[in-house]
Amino acid sequence: MLILNSHTNTMQIQNRQLKLKPQWVELISLSALKSLESNPTLTPSEIRTLSTWQNYTSDASVHAAISREHKKWIQHFEIPVFTGKFGKAFRLNPELQPPQFVQLLEEIKTKLVHITHSPQRLENPDAESQSQLMLGQLHLERGNLEKAQSAFLSAYATRPNPLLRCEVLFWLARAEELLGLYEQAKRTSARIMEEHKKQPVLEPRVRAWHAISLARIELRLDRWQKAKKLFVYAKKHLKLQHHRELGMVFNGLRRIAAHTTSLEEAQEHAEQTLWHYHQAQWTWGVQAALCDCGALYRKRAERIWQNQNNQARKHLGLALRYFLLCTEICQAAGTGNNSAMVEINLAWSYRTLEQLPEAKAWIEKALCIAQSAGNQSDLAWAHMEKADLEAMHGNRIGAAVHYNQAAEIFAALQLWHHQETATFYAERILR
């Protein structure tokens, strides 16, 4: 049990007590409140809105400050106060819940609302939520994953109608999944169905949202058959006019087919994805689908490239065309910065064609995008491609460094097969 006394600025766990500076009292208060209100996750961007954290100019500085202080707390209490990653999202340790305040809860709420300078909300909660949902989607498309997460949380906090709450949770789970917060994304996905049960009339599309959210996590963990069952289930609950969701389903089936059946089947799913996103007039989805179509031609080229025959070069040429179309749309629309896959694919294509300066330029851009977006999966694959490029230049040590960096990220994401592959290449190149 955690007891917070904001009158004396102290935190107590069991029989141990610790004096806190005002900034830590505010941080613990906010975290405890969010836990009590079933919205436990905190991000650095949220913390920087607190009055005593205004001098912290970046999320990285917040991350560093909390990491240092938290180590002291663990030594003192012999139990972590927070769990999670301070650079992304964290929460109060569930073992310390429910927290207690030595102060009226409403009094603390009032102070925190004043501290965070929260703007007055619209009287219509649905309108407020829809605005925040749109803002979150735009942040998601531009690679600002933490800002997207924060906007979706704000959209949910307005308490709109149950169907809109389900839609917000669907997008929140997507942001969490892209941030690598898979367990958190699972919990958010489960809340979709909890909200669904509150609706007077059941909406089949909500079941599809729930299934798609869970399927995407299974894809991240390479659990192809579980993901396929979920996508097929989702498709059964969608109507012809649900183009965006149908595109998501076919996109998932495309990935599964590429790993389990054939590239031809995957290509069919990719083209259906592109068609549905075009019907939905979803620019971001279209550019992502173009990248995926190119990736399939890349795989076709890879399989027969050793012979460097005309068919292999034709596949590679088509792949390049798809990738370049994707980048042109991204540049025109100002989207695509949440993923570096097209840049990674372009780097591979130019490296395969032995156009190494172009390959280097694209992989450096890929690393920057993935790091900026906090997209750990893409960052790992960017390090893999960078390692291959360093190996072509004869820089064995540099290649090993990037393979090992990729291995560490894959391990953190629980992608053990990819982690083993990266480690194997790191060790082999130094022999």
# chains A, B, ... in the order shown; residues from 1 in each chain; ligands from 1
call {"tool": "residues_around", "arguments": {"residues": "range 390-399 of chain A", "least_positions_apart": "2", "cutoff": "10 Å", "atoms": "only C-alpha atoms", "output": "list in words"}}
result
Arg351, Glu354, Leu356, Lys360, His383, Met384, Glu385, Lys386, Ala387, Asp388, Val401, His402, Tyr403, Asn404, Gln405, Tyr425, Ala426, Arg428, Ile429, Leu430 and Arg431 of chain A
call {"tool": "residues_around", "arguments": {"residues": "Ala64 in chain A", "least_positions_apart": "6", "cutoff": "12 Å", "atoms": "only C-alpha atoms", "output": "list in words"}}
result
Pro44, Tyr56, Ser58, His70, Lys71, Lys85, Phe86, Gly87 and Lys88 of chain A
call {"tool": "write_last_selection", "arguments": {"atoms": "N, CA and C atoms", "output": "short mmCIF file (atom, residue, chain, number, x, y, z; two decimals), in the first residue's frame"}}
result
data_model
loop_
_atom_site.label_atom_id
_atom_site.label_comp_id
_atom_site.auth_asym_id
_atom_site.auth_seq_id
_atom_site.Cartn_x
_atom_site.Cartn_y
_atom_site.Cartn_z
N PRO A 44 5.96 10.74 -20.73
CA PRO A 44 6.77 11.93 -20.46
C PRO A 44 6.11 13.22 -20.93
N TYR A 56 11.55 21.19 -17.97
CA TYR A 56 12.06 20.04 -18.73
C TYR A 56 11.61 20.22 -20.18
N SER A 58 12.31 18.44 -22.94
CA SER A 58 12.15 17.28 -23.81
C SER A 58 11.71 16.07 -23.01
N HIS A 70 14.06 7.22 -9.44
CA HIS A 70 13.41 5.94 -9.17
C HIS A 70 14.39 4.93 -8.60
N LYS A 71 15.65 4.97 -9.03
CA LYS A 71 16.67 4.08 -8.48
C LYS A 71 16.84 4.31 -6.98
N LYS A 85 8.45 1.60 -19.05
CA LYS A 85 9.60 2.30 -19.60
C LYS A 85 9.40 3.80 -19.46
N PHE A 86 10.28 4.45 -18.72
CA PHE A 86 10.13 5.87 -18.45
C PHE A 86 10.24 6.73 -19.71
N GLY A 87 10.89 6.22 -20.74
CA GLY A 87 11.01 6.98 -21.98
C GLY A 87 9.78 6.88 -22.86
N LYS A 88 8.86 5.97 -22.52
CA LYS A 88 7.67 5.77 -23.35
C LYS A 88 6.40 5.91 -22.52
#
call {"tool": "select_by_dssp", "arguments": {"residues": "range 234-380 of chain A", "states": "helix (DSSP H, G or I)", "output": "VMD selection string"}}
result
chain A and resid 234 to 236 243 to 260 263 to 279 283 to 307 310 to 333 341 to 352 356 to 373 376 to 380
call {"tool": "residues_around", "arguments": {"residues": "range 191-201 of chain A", "least_positions_apart": "6", "cutoff": "9 Å", "atoms": "only C-alpha atoms", "output": "PyMOL selection string"}}
result
chain A and resi 161-163+165-170+207+209-210
call {"tool": "closest_atom_pairs", "arguments": {"of": "range 358-398 of chain A", "to": "range 326-337 of chain A", "cutoff": "9 Å", "atoms": "only C-alpha atoms", "output": "tab-separated table"}}
result
residue	atom	partner	partner_atom	distance
A:Ile369	CA	A:Asn337	CA	6.2
A:Ala370	CA	A:Asn337	CA	8.1
A:Ser372	CA	A:Asn337	CA	8.6
A:Ala373	CA	A:Asn337	CA	7.0
call {"tool": "closest_residue", "arguments": {"among": "A:Ala32, A:Lys72, A:Val249, A:Glu141", "to": "Tyr233 in chain A", "atoms": "only C-alpha atoms"}}
result
A:Val249
call {"tool": "residues_around", "arguments": {"residues": "range 122-130 of chain A", "least_positions_apart": "4", "cutoff": "9 Å", "atoms": "only C-alpha atoms", "output": "JSON, numbers by chain"}}
result
{"A": [134, 135, 152, 154, 155, 156, 157, 158, 159, 160, 161, 164, 165, 168]}
call {"tool": "write_last_selection", "arguments": {"atoms": "C-alpha atoms", "output": "PDB file, in the first residue's frame"}}
result
ATOM      1  CA  MET A 134      -8.838  13.119 -35.258  1.00  0.00           C
ATOM      2  CA  LEU A 135      -5.824  14.816 -33.684  1.00  0.00           C
ATOM      3  CA  PHE A 152      -6.485   9.206 -27.709  1.00  0.00           C
ATOM      4  CA  SER A 154      -7.869  12.677 -23.902  1.00  0.00           C
ATOM      5  CA  ALA A 155     -10.557  11.562 -26.342  1.00  0.00           C
ATOM      6  CA  TYR A 156     -11.514   8.716 -24.020  1.00  0.00           C
ATOM      7  CA  ALA A 157     -11.420  10.921 -20.903  1.00  0.00           C
ATOM      8  CA  THR A 158     -14.259  13.103 -22.224  1.00  0.00           C
ATOM      9  CA  ARG A 159     -16.578  10.092 -21.726  1.00  0.00           C
ATOM     10  CA  PRO A 160     -18.346  10.194 -25.124  1.00  0.00           C
ATOM     11  CA  ASN A 161     -21.021   7.733 -26.208  1.00  0.00           C
ATOM     12  CA  LEU A 164     -17.209   6.364 -29.890  1.00  0.00           C
ATOM     13  CA  ARG A 165     -15.370   5.146 -26.790  1.00  0.00           C
ATOM     14  CA  VAL A 168     -11.062   5.624 -29.456  1.00  0.00           C
TER      15      VAL A 168
END
call {"tool": "closest_residue", "arguments": {"among": "A:Ile344, A:Gly180, A:Arg300, A:Val25", "to": "Ala411 in chain A", "atoms": "only C-alpha atoms"}}
result
A:Gly180
call {"tool": "closest_residue", "arguments": {"among": "A:Gly84, A:Thr352, A:Asn55, A:Ala301", "to": "Ser67 in chain A", "atoms": "only C-alpha atoms"}}
result
A:Gly84
